[in-house]
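Engineer: Compact mmCIF, C-alpha atoms and all ligand atoms, file final.txt:
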# COMPACT_ATOMS: atom_id res chain seq x y z
CA MET L 1 16.28 2.20 -72.34
CA ILE L 2 18.82 2.31 -69.51
CA ASN L 3 18.92 -0.88 -67.46
CA VAL L 4 19.78 -0.58 -63.80
CA ALA L 5 20.55 -3.25 -61.18
CA ILE L 6 20.17 -2.61 -57.45
CA LEU L 7 22.42 -4.60 -55.11
CA GLY L 8 20.47 -4.92 -51.85
CA TYR L 9 16.76 -4.59 -51.08
CA GLY L 10 17.08 -3.19 -47.57
CA THR L 11 15.93 0.24 -46.47
CA VAL L 12 17.83 2.23 -49.09
CA GLY L 13 17.57 -0.36 -51.88
CA SER L 14 13.79 -0.61 -51.56
CA GLY L 15 13.73 3.21 -51.46
CA VAL L 16 15.64 3.47 -54.75
CA PHE L 17 13.27 0.91 -56.30
CA GLU L 18 10.32 3.00 -55.09
CA VAL L 19 11.74 6.36 -56.22
CA ILE L 20 12.56 5.05 -59.71
CA LYS L 21 9.05 3.57 -59.97
CA THR L 22 7.14 6.55 -58.52
CA ASN L 23 8.95 9.30 -60.43
CA ASN L 24 9.80 7.21 -63.48
CA GLU L 25 8.47 9.54 -66.16
CA MET L 26 10.29 12.58 -64.84
CA ILE L 27 13.48 10.64 -64.01
CA SER L 28 13.53 9.10 -67.52
CA LYS L 29 13.08 12.54 -69.13
CA LYS L 30 15.99 13.89 -67.12
CA ALA L 31 18.13 10.85 -67.87
CA GLY L 32 17.37 11.15 -71.59
CA LYS L 33 16.09 7.55 -71.86
CA LYS L 34 13.64 5.30 -70.05
CA VAL L 35 15.20 4.17 -66.75
CA HIS L 36 14.31 0.56 -66.02
CA VAL L 37 15.24 -1.56 -63.01
CA LYS L 38 16.10 -4.94 -64.51
CA TYR L 39 17.37 -6.67 -61.37
CA VAL L 40 17.30 -6.30 -57.61
CA LEU L 41 19.85 -8.55 -55.93
CA ASP L 42 19.05 -9.86 -52.47
CA LYS L 43 19.61 -13.26 -50.92
CA ARG L 44 16.26 -13.12 -49.13
CA GLU L 45 12.78 -13.96 -50.41
CA PHE L 46 9.97 -11.37 -50.09
CA PRO L 47 6.18 -11.64 -49.67
CA ALA L 48 4.37 -12.65 -52.85
CA ASP L 49 2.72 -9.24 -53.28
CA ASP L 50 6.04 -7.30 -53.13
CA PRO L 51 6.65 -5.83 -56.62
CA VAL L 52 10.36 -6.63 -56.24
CA ASN L 53 9.56 -10.27 -57.05
CA GLU L 54 9.31 -9.39 -60.76
CA VAL L 55 13.01 -8.47 -60.85
CA LEU L 56 14.44 -10.27 -57.81
CA CYS L 57 17.72 -12.02 -58.49
CA HIS L 58 19.91 -14.10 -56.15
CA ASN L 59 23.05 -14.30 -58.22
CA PHE L 60 25.51 -11.42 -58.68
CA GLU L 61 27.09 -13.17 -61.71
CA THR L 62 23.83 -12.73 -63.64
CA ILE L 63 24.07 -8.98 -63.14
CA VAL L 64 27.76 -8.40 -63.77
CA SER L 65 27.76 -10.55 -66.91
CA ASP L 66 24.64 -8.92 -68.39
CA PRO L 67 25.81 -6.43 -71.06
CA GLU L 68 22.43 -4.67 -70.93
CA ILE L 69 23.15 -3.43 -67.39
CA SER L 70 24.93 -0.09 -67.61
CA ILE L 71 24.33 1.25 -64.08
CA VAL L 72 24.60 -0.61 -60.78
CA VAL L 73 23.32 0.75 -57.47
CA GLU L 74 25.24 -0.64 -54.47
CA VAL L 75 23.35 -0.20 -51.21
CA LEU L 76 24.49 -3.24 -49.24
CA GLY L 77 26.70 -1.35 -46.79
CA GLY L 78 29.98 -2.64 -45.33
CA ILE L 79 33.18 -3.45 -47.16
CA GLU L 80 32.54 -6.97 -48.43
CA PRO L 81 31.11 -8.15 -50.74
CA SER L 82 30.50 -4.53 -51.80
CA TYR L 83 34.15 -3.78 -52.64
CA THR L 84 34.59 -6.90 -54.76
CA TRP L 85 31.28 -6.49 -56.57
CA VAL L 86 31.67 -2.75 -57.21
CA SER L 87 35.20 -3.34 -58.56
CA GLN L 88 33.93 -6.06 -60.89
CA CYS L 89 31.12 -3.84 -62.19
CA LEU L 90 33.49 -0.92 -62.85
CA LYS L 91 35.95 -3.24 -64.63
CA ARG L 92 33.14 -4.17 -67.01
CA GLY L 93 32.46 -0.48 -67.69
CA LYS L 94 29.28 -0.32 -65.62
CA SER L 95 28.81 2.88 -63.62
CA VAL L 96 28.19 2.46 -59.90
CA CYS L 97 26.12 4.66 -57.56
CA THR L 98 26.44 3.92 -53.86
CA SER L 99 25.33 5.13 -50.44
CA ASN L 100 28.02 3.03 -48.72
CA LYS L 101 30.18 5.38 -46.62
CA GLU L 102 32.45 2.60 -45.30
CA LEU L 103 33.28 1.59 -48.87
CA VAL L 104 33.75 5.17 -50.10
CA ALA L 105 35.89 6.25 -47.12
CA LYS L 106 38.18 3.22 -47.48
CA HIS L 107 38.34 2.69 -51.24
CA GLY L 108 36.88 5.88 -52.80
CA ALA L 109 40.05 7.10 -54.54
CA GLU L 110 40.86 3.64 -55.89
CA LEU L 111 37.32 3.06 -57.20
CA LEU L 112 37.26 6.48 -58.86
CA ALA L 113 40.51 5.59 -60.65
CA LEU L 114 39.06 2.22 -61.68
CA ALA L 115 35.93 3.94 -63.01
CA ALA L 116 38.05 6.36 -65.05
CA GLU L 117 40.14 3.50 -66.53
CA ASN L 118 36.92 1.89 -67.73
CA ASN L 119 35.08 5.00 -69.00
CA ALA L 120 32.53 4.63 -66.23
CA ASN L 121 31.48 6.71 -63.23
CA PHE L 122 31.59 6.04 -59.52
CA PHE L 123 29.10 8.29 -57.72
CA PHE L 124 28.43 8.45 -53.98
CA GLU L 125 26.23 11.45 -53.18
CA ALA L 126 24.24 9.51 -50.55
CA SER L 127 27.32 8.39 -48.62
CA VAL L 128 27.40 11.67 -46.68
CA GLY L 129 24.38 13.59 -45.42
CA GLY L 130 21.74 11.18 -46.82
CA GLY L 131 19.45 13.32 -48.98
CA ILE L 132 21.52 16.51 -48.63
CA PRO L 133 23.37 17.46 -51.80
CA ILE L 134 26.97 17.94 -50.63
CA ILE L 135 29.25 15.70 -52.74
CA ARG L 136 28.19 17.18 -56.08
CA PRO L 137 28.33 20.77 -54.79
CA LEU L 138 31.88 20.14 -53.53
CA ASN L 139 32.92 18.56 -56.85
CA HIS L 140 31.18 20.90 -59.23
CA SER L 141 29.49 24.00 -57.84
CA LEU L 142 32.48 24.89 -55.66
CA SER L 143 35.18 24.07 -58.17
CA ALA L 144 36.23 27.75 -58.28
CA ASP L 145 36.96 27.81 -54.56
CA GLU L 146 39.67 26.68 -52.25
CA ILE L 147 37.81 25.09 -49.34
CA THR L 148 38.99 26.41 -46.01
CA GLU L 149 36.56 24.67 -43.66
CA ILE L 150 33.93 21.92 -43.56
CA THR L 151 32.11 21.40 -40.28
CA GLY L 152 29.09 19.17 -40.10
CA ILE L 153 26.50 17.48 -38.00
CA LEU L 154 26.94 14.28 -39.97
CA ASN L 155 25.12 11.73 -37.85
CA GLY L 156 21.38 11.80 -37.27
CA THR L 157 21.29 9.29 -34.42
CA THR L 158 23.63 11.26 -32.19
CA ASN L 159 21.99 14.56 -33.07
CA TYR L 160 18.63 13.07 -32.08
CA ILE L 161 20.09 11.82 -28.78
CA LEU L 162 21.75 15.14 -27.93
CA SER L 163 18.61 17.11 -28.90
CA LYS L 164 16.43 14.93 -26.68
CA MET L 165 18.86 15.16 -23.78
CA SER L 166 18.79 18.93 -24.14
CA ASP L 167 15.04 19.40 -24.67
CA GLU L 168 13.86 16.90 -22.07
CA GLY L 169 16.68 16.93 -19.53
CA LEU L 170 17.16 13.17 -19.88
CA ASP L 171 20.37 11.19 -19.51
CA PHE L 172 22.23 9.48 -22.35
CA ASP L 173 21.21 5.90 -21.58
CA SER L 174 17.47 6.53 -21.40
CA VAL L 175 17.48 8.60 -24.60
CA LEU L 176 19.49 5.91 -26.41
CA LYS L 177 16.97 3.29 -25.29
CA ASP L 178 14.08 5.45 -26.51
CA ALA L 179 15.87 6.07 -29.84
CA GLN L 180 16.38 2.32 -30.28
CA GLU L 181 12.71 1.64 -29.54
CA LYS L 182 11.68 4.22 -32.16
CA GLY L 183 14.09 2.73 -34.72
CA TYR L 184 16.27 5.87 -34.88
CA ALA L 185 19.24 4.11 -33.30
CA GLU L 186 20.61 0.72 -34.23
CA ARG L 187 20.52 -2.19 -31.80
CA HIS L 188 24.35 -2.00 -31.94
CA PRO L 189 24.76 1.77 -31.88
CA GLU L 190 28.59 1.94 -31.46
CA ALA L 191 29.30 3.23 -34.98
CA ASP L 192 27.00 6.19 -34.33
CA VAL L 193 27.54 7.01 -30.65
CA GLU L 194 31.32 6.48 -30.74
CA GLY L 195 31.61 8.84 -33.73
CA TYR L 196 32.91 6.23 -36.23
CA ASP L 197 30.12 6.98 -38.73
CA ALA L 198 30.77 10.74 -38.60
CA CYS L 199 34.50 10.01 -38.90
CA ARG L 200 34.06 8.19 -42.21
CA LYS L 201 31.84 10.98 -43.51
CA ILE L 202 34.27 13.79 -42.64
CA ALA L 203 37.08 11.64 -44.16
CA ILE L 204 35.13 11.54 -47.45
CA LEU L 205 34.39 15.27 -47.41
CA THR L 206 37.98 16.16 -46.50
CA SER L 207 39.37 13.94 -49.27
CA LEU L 208 37.11 15.65 -51.78
CA ALA L 209 37.73 19.16 -50.48
CA PHE L 210 41.51 18.77 -50.62
CA GLY L 211 41.76 16.31 -53.52
CA ARG L 212 43.76 13.58 -51.79
CA GLN L 213 43.12 10.44 -49.77
CA VAL L 214 42.42 11.08 -46.10
CA ASP L 215 42.55 7.85 -44.10
CA PHE L 216 39.72 7.81 -41.58
CA GLU L 217 41.98 5.97 -39.13
CA ASP L 218 44.10 9.16 -38.94
CA ILE L 219 41.20 11.32 -37.73
CA TYR L 220 40.98 11.87 -33.98
CA THR L 221 37.47 10.66 -33.05
CA GLU L 222 35.51 11.00 -29.85
CA GLY L 223 31.84 10.04 -29.51
CA ILE L 224 29.03 11.24 -27.24
CA THR L 225 28.85 8.40 -24.71
CA LYS L 226 30.47 10.47 -21.98
CA ILE L 227 28.16 13.47 -22.36
CA THR L 228 25.94 13.77 -19.31
CA ASP L 229 22.78 15.66 -18.46
CA LYS L 230 24.96 17.94 -16.27
CA ASP L 231 27.14 18.86 -19.28
CA ILE L 232 23.98 19.81 -21.16
CA LYS L 233 22.80 21.96 -18.23
CA TYR L 234 26.13 23.80 -18.18
CA ALA L 235 25.93 24.32 -21.95
CA LYS L 236 22.43 25.78 -21.63
CA ALA L 237 23.56 28.10 -18.84
CA MET L 238 26.11 29.48 -21.31
CA ASN L 239 23.50 29.69 -24.16
CA LYS L 240 25.32 26.96 -26.02
CA SER L 241 24.37 23.58 -27.40
CA ILE L 242 26.45 20.40 -27.57
CA LYS L 243 26.75 18.82 -31.01
CA LEU L 244 28.79 15.96 -32.38
CA LEU L 245 30.79 17.73 -35.09
CA GLY L 246 33.00 16.39 -37.81
CA THR L 247 35.31 19.17 -38.81
CA SER L 248 38.22 19.76 -41.13
CA CYS L 249 39.97 22.96 -42.06
CA LYS L 250 43.01 24.23 -43.86
CA ALA L 251 45.31 26.77 -42.26
CA ASP L 252 48.89 27.71 -43.13
CA GLY L 253 48.95 24.98 -45.77
CA LYS L 254 48.05 22.25 -43.27
CA VAL L 255 44.82 20.26 -43.08
CA TYR L 256 43.32 19.43 -39.69
CA ALA L 257 40.42 17.07 -39.05
CA MET L 258 38.64 15.73 -36.01
CA VAL L 259 35.32 14.37 -34.74
CA CYS L 260 34.19 15.23 -31.23
CA PRO L 261 31.33 16.72 -29.22
CA MET L 262 31.57 20.50 -29.18
CA MET L 263 29.78 23.31 -27.48
CA ILE L 264 28.61 25.85 -30.02
CA GLY L 265 27.02 29.23 -29.47
CA GLN L 266 23.79 30.67 -30.84
CA ASN L 267 25.68 32.50 -33.59
CA HIS L 268 26.99 29.27 -35.03
CA PRO L 269 25.01 28.17 -38.12
CA LEU L 270 24.76 24.60 -36.74
CA TYR L 271 23.36 25.68 -33.35
CA SER L 272 19.70 25.08 -34.12
CA VAL L 273 20.05 21.88 -36.19
CA LYS L 274 18.01 19.42 -34.16
CA ASP L 275 16.72 15.87 -34.04
CA VAL L 276 17.70 13.53 -36.86
CA PHE L 277 18.62 16.39 -39.19
CA ASN L 278 22.14 16.82 -40.54
CA ALA L 279 23.76 20.04 -41.70
CA ILE L 280 27.10 20.86 -43.22
CA PHE L 281 28.77 24.24 -43.01
CA VAL L 282 31.33 24.96 -45.73
CA ASN L 283 33.60 27.95 -46.17
CA GLY L 284 35.24 28.62 -49.53
CA ASN L 285 37.85 31.33 -50.00
CA MET L 286 35.72 33.01 -52.70
CA VAL L 287 32.12 32.05 -51.96
CA ASP L 288 32.47 32.56 -48.17
CA ASP L 289 30.01 30.71 -45.88
CA LEU L 290 27.53 28.09 -47.11
CA MET L 291 25.08 25.79 -45.31
CA PHE L 292 23.59 22.52 -46.50
CA TYR L 293 20.70 21.18 -44.41
CA GLY L 294 18.32 18.24 -44.58
CA ARG L 295 17.61 14.64 -43.71
CA GLY L 296 20.88 12.78 -43.30
CA ALA L 297 19.29 9.34 -43.24
CA GLY L 298 16.05 7.53 -43.98
CA LYS L 299 14.71 5.49 -46.86
CA LEU L 300 13.41 8.07 -49.32
CA PRO L 301 15.83 10.97 -48.64
CA THR L 302 18.82 8.65 -49.09
CA ALA L 303 17.20 6.97 -52.10
CA SER L 304 16.58 10.41 -53.62
CA ALA L 305 20.33 11.11 -53.58
CA VAL L 306 21.21 7.66 -54.97
CA THR L 307 18.64 8.00 -57.76
CA ALA L 308 19.95 11.47 -58.68
CA ASP L 309 23.34 9.76 -59.12
CA VAL L 310 21.68 7.19 -61.39
CA VAL L 311 20.31 10.03 -63.53
CA GLU L 312 23.76 11.67 -63.65
CA ALA L 313 25.35 8.34 -64.58
CA ALA L 314 22.73 7.84 -67.31
CA ARG L 315 23.50 11.27 -68.74
CA ASN L 316 27.19 10.42 -68.83
CA LEU L 317 27.37 6.85 -70.12
CA GLY L 318 30.82 6.24 -71.59
CA ASN L 319 32.08 9.57 -70.26
CA THR L 320 33.86 9.74 -66.89
CA LEU L 321 33.17 12.95 -65.00
CA PRO L 322 36.38 14.09 -63.30
CA ILE L 323 36.33 13.95 -59.51
CA LEU L 324 39.48 15.25 -57.85
CA TRP L 325 40.39 12.64 -55.22
CA SER L 326 43.78 11.12 -55.83
CA GLN L 327 45.14 8.02 -54.12
CA ASP L 328 48.08 10.05 -52.70
CA LYS L 329 47.69 10.14 -48.98
CA LEU L 330 47.06 13.50 -47.36
CA GLU L 331 48.95 13.67 -44.08
CA LEU L 332 46.78 15.46 -41.55
CA ALA L 333 48.35 17.97 -39.20
CA SER L 334 48.49 16.95 -35.57
CA THR L 335 45.30 17.71 -33.65
CA GLY L 336 47.61 19.25 -31.04
CA GLU L 337 47.73 22.32 -33.28
CA PHE L 338 43.92 22.74 -33.34
CA LYS L 339 42.84 25.78 -31.31
CA HIS L 340 39.79 25.72 -29.05
CA GLN L 341 38.49 26.94 -25.77
CA PHE L 342 37.92 24.10 -23.32
CA PHE L 343 35.01 23.70 -20.92
CA VAL L 344 36.37 21.74 -17.95
CA ARG L 345 34.67 20.29 -14.87
CA MET L 346 36.80 19.37 -11.86
CA LYS L 347 36.11 18.11 -8.37
CA GLU L 348 35.55 20.95 -5.91
CA GLU L 349 38.75 20.35 -3.97
CA THR L 350 40.62 21.94 -6.89
CA SER L 351 41.44 25.51 -5.92
CA ARG L 352 40.77 28.44 -8.23
CA GLU L 353 44.34 29.50 -7.61
CA GLU L 354 45.69 26.25 -9.09
CA ILE L 355 43.32 26.53 -12.06
CA GLU L 356 44.30 30.12 -12.81
CA LYS L 357 47.97 29.35 -12.33
CA ALA L 358 47.71 26.75 -15.07
CA PHE L 359 45.23 28.34 -17.46
CA GLY L 360 45.37 32.08 -16.78
CA LYS L 361 42.13 34.03 -16.89
CA VAL L 362 39.26 31.52 -17.04
CA SER L 363 35.47 32.06 -16.86
CA TYR L 364 33.75 30.09 -14.10
CA VAL L 365 30.29 28.61 -14.63
CA THR L 366 28.09 27.68 -11.68
CA LEU L 367 24.78 25.89 -11.58
CA GLU L 368 22.52 26.16 -8.54
CA ASP L 369 21.67 22.46 -8.48
CA VAL L 370 25.14 21.07 -9.18
CA LYS L 371 27.36 20.84 -6.13
CA GLY L 372 30.78 19.37 -5.46
CA GLU L 373 32.56 20.61 -8.54
CA VAL L 374 34.13 23.61 -10.16
CA ALA L 375 33.52 24.32 -13.86
CA PHE L 376 35.29 26.82 -16.08
CA VAL L 377 36.11 27.80 -19.66
CA THR L 378 39.74 28.26 -20.65
CA PRO L 379 41.04 30.95 -22.97
CA LEU L 380 41.57 29.95 -26.63
CA MET L 381 44.60 27.67 -26.80
CA LYS L 382 46.15 24.87 -28.81
CA GLU L 383 45.00 21.36 -27.95
CA LYS L 384 48.59 20.36 -27.08
CA GLU L 385 48.89 23.30 -24.67
CA TYR L 386 45.65 22.24 -22.95
CA GLN L 387 46.78 18.60 -22.75
CA GLN L 388 50.08 19.70 -21.23
CA LYS L 389 48.44 21.93 -18.59
CA ILE L 390 45.67 19.51 -17.63
CA LYS L 391 48.23 16.80 -16.73
CA ALA L 392 48.85 18.57 -13.42
CA PHE L 393 45.25 17.89 -12.28
CA GLU L 394 43.95 14.58 -10.98
CA THR L 395 40.48 15.96 -10.28
CA VAL L 396 39.15 16.32 -13.83
CA ILE L 397 35.55 15.12 -14.27
CA SER L 398 35.16 15.98 -17.95
CA MET L 399 36.19 18.29 -20.77
CA ILE L 400 34.23 19.46 -23.81
CA ARG L 401 35.76 21.57 -26.55
CA MET L 402 34.14 24.87 -27.48
CA ASN L 403 33.98 26.18 -30.99
CA ALA L 404 35.49 29.65 -31.30
CA LYS L 405 32.70 30.91 -33.66
N1 LIG Q 1 23.46 5.87 -38.78
C1 LIG Q 1 23.51 7.00 -39.66
C2 LIG Q 1 22.97 8.22 -38.91
C3 LIG Q 1 22.72 6.72 -40.91
O1 LIG Q 1 22.44 8.08 -37.80
O2 LIG Q 1 23.12 9.34 -39.40
C4 LIG Q 1 23.09 7.54 -42.08
O3 LIG Q 1 24.42 7.37 -42.51
Once more with this new file: its structure as structure tokens, please.

Structural biologist:
Amino acid sequence: MINVAILGYGTVGSGVFEVIKTNNEMISKKAGKKVHVKYVLDKREFPADDPVNEVLCHNFETIVSDPEISIVVEVLGGIEPSYTWVSQCLKRGKSVCTSNKELVAKHGAELLALAAENNANFFFEASVGGGIPIIRPLNHSLSADEITEITGILNGTTNYILSKMSDEGLDFDSVLKDAQEKGYAERHPEADVEGYDACRKIAILTSLAFGRQVDFEDIYTEGITKITDKDIKYAKAMNKSIKLLGTSCKADGKVYAMVCPMMIGQNHPLYSVKDVFNAIFVNGNMVDDLMFYGRGAGKLPTASAVTADVVEAARNLGNTLPILWSQDKLELASTGEFKHQFFVRMKEETSREEIEKAFGKVSYVTLEDVKGEVAFVTPLMKEKEYQQKIKAFETVISMIRMNAK
């Protein structure tokens, strides 16, 4: 028997409990031994008929000091007490499986090293892309490749909001309100709409792809709060869609990473990823283009990924699987070197002559029902070149980057 403890009985924790219960026979066969949830830690009490009551525990000490527990699932979210508790479990040789992207982005390399020192495993498939397998493919299936690009729709809330704005012609605030009412967006949605959640996820993927610690604080991050219904109309007129993308790539030995809304064309593999779905595009120098698509959040999809980690941990008790993510910091190249086209809206008093003097040959975009402004797309140029040129204008309404694909 393999005894498991689950830290947290929230959405994901109750999902893991349910998945292990529902698919127990098959999961146990794959793990090689019966998988049994011995404890679920939560400070709350639950209704008498909730099956969790049989294993509910209020004291972390009981779990960490129980030698029968070999695998701990951490699904509390946030840095503390998760960091302290996960560290303590690993120090006692217990493997840990987590969905906690804040924890993994900040302490992933350190916790992997701690797991290795104690012949345990630290797995975090569900920390990026919910139910989409992406961490294990990067670590194992793509070990023959040098990764050249990872670009993903990594946040379901913002993808839902942008899809709704596009499909129904609504503005940001009313879609956000609707998403909150439906439970798709948090009451405090900053982490999603400001891009912080996607930032942590691309930091994790970039660290894994390039084998060194990428600090999420170093990644230029822009959310979707400034995207308007007019921007969406312009995008549609150009047969493009606006997506919040987390992207990192390697060129000339340098690694670039950023999170921002981007206009992408119909040829881009992420163009038609809608609603709460996530997708991650990966390019390897041998395998070429790959796409990973699925539910990036939600109880059972996320629990599916966590439970698969439990099975992998069970198969590898006492044997640390190597995961290349060292604590050496990877210095990211300046975003100024990133090349894009830029879609710019300016007040109508700006003359075309001034625009073309600064940017050269641009393509103008006009919409019948939008007056009082001039909108155009620049040629492909480095971000720093654009920032230098745009300084001369005091009439800028907005700018959205365009993906060159
Ligand atoms: N808030 C996240 C999202 C949940 O909307 O994608 C999954 O990390």

Engineer: To check your reading of the model: which residues sit at most 7 Å from ligand LIG 1 (chain Q) when counting only C-alpha atoms and all ligand atoms? Write the answer as a PyMOL selection string.

Structural biologist: chain L and resi 127-130+154-158+185+192+197+296-297

Engineer: Could you write out the selected residues, including C-alpha atoms, as a short mmCIF file (atom, residue, chain, number, x, y, z; two decimals), in the frame of the given file?

Structural biologist:
data_model
loop_
_atom_site.label_atom_id
_atom_site.label_comp_id
_atom_site.auth_asym_id
_atom_site.auth_seq_id
_atom_site.Cartn_x
_atom_site.Cartn_y
_atom_site.Cartn_z
CA SER L 127 27.32 8.39 -48.62
CA VAL L 128 27.40 11.67 -46.68
CA GLY L 129 24.38 13.59 -45.42
CA GLY L 130 21.74 11.18 -46.82
CA LEU L 154 26.94 14.28 -39.97
CA ASN L 155 25.12 11.73 -37.85
CA GLY L 156 21.38 11.80 -37.27
CA THR L 157 21.29 9.29 -34.42
CA THR L 158 23.63 11.26 -32.19
CA ALA L 185 19.24 4.11 -33.30
CA ASP L 192 27.00 6.19 -34.33
CA ASP L 197 30.12 6.98 -38.73
CA GLY L 296 20.88 12.78 -43.30
CA ALA L 297 19.29 9.34 -43.24
#

Engineer: Hey, could you make a per-residue contact list for range 298-385 of chain L against range 20-30 of chain L with 12 Å as the cut-off, showing the nearest pair of atoms and its distance in Å to one decimal, counting only C-alpha atoms, sorted by chain and number, as a Markdown table?

Structural biologist:
| residue | atom | partner | partner_atom | distance |
| --- | --- | --- | --- | --- |
| L:Leu300 | CA | L:Ile20 | CA | 10.9 |
| L:Ala303 | CA | L:Ile20 | CA | 9.1 |
| L:Ser304 | CA | L:Ile20 | CA | 9.1 |
| L:Ala305 | CA | L:Ile20 | CA | 11.6 |
| L:Val306 | CA | L:Ile20 | CA | 10.2 |
| L:Thr307 | CA | L:Ile20 | CA | 7.0 |
| L:Ala308 | CA | L:Ile27 | CA | 8.4 |
| L:Asp309 | CA | L:Ile27 | CA | 11.0 |
| L:Val310 | CA | L:Ile27 | CA | 9.3 |
| L:Val311 | CA | L:Lys30 | CA | 6.8 |
| L:Glu312 | CA | L:Lys30 | CA | 8.8 |
| L:Ala313 | CA | L:Lys30 | CA | 11.2 |
| L:Ala314 | CA | L:Lys30 | CA | 9.1 |
| L:Arg315 | CA | L:Lys30 | CA | 8.1 |
| L:Asn316 | CA | L:Lys30 | CA | 11.8 |

Engineer: Leaving out Ser326 in chain L and any residue of its chain fewer than 4 positions from it, which residues lie within 8 Å of it when counting all atoms listed in the file, given as an NGL selection string?

Structural biologist: :L and (109 or 211-213)

Engineer: Which residue, L:Ile161, L:Ile224, L:Ile204, L:Ile6, has the smallest gap to Lys101 in chain L when you use all atoms listed in the file?

Structural biologist: L:Ile204

Engineer: Hey, which of L:His188, L:Arg136, L:Lys106, L:Arg44 ends up closest to Phe292 in chain L? Count all atoms listed in the file.

Structural biologist: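 Ranked by minimum distance to Phe292 in chain L, first place goes to L:Arg136.
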
Engineer: Fewer than 3 positions away in the same chain doesn't count, so skip those; otherwise give me all residues within 8 Å of Gly360 in chain L, counting only C-alpha atoms, as a PyMOL selection string.

Structural biologist: chain L and resi 355-357+378-379
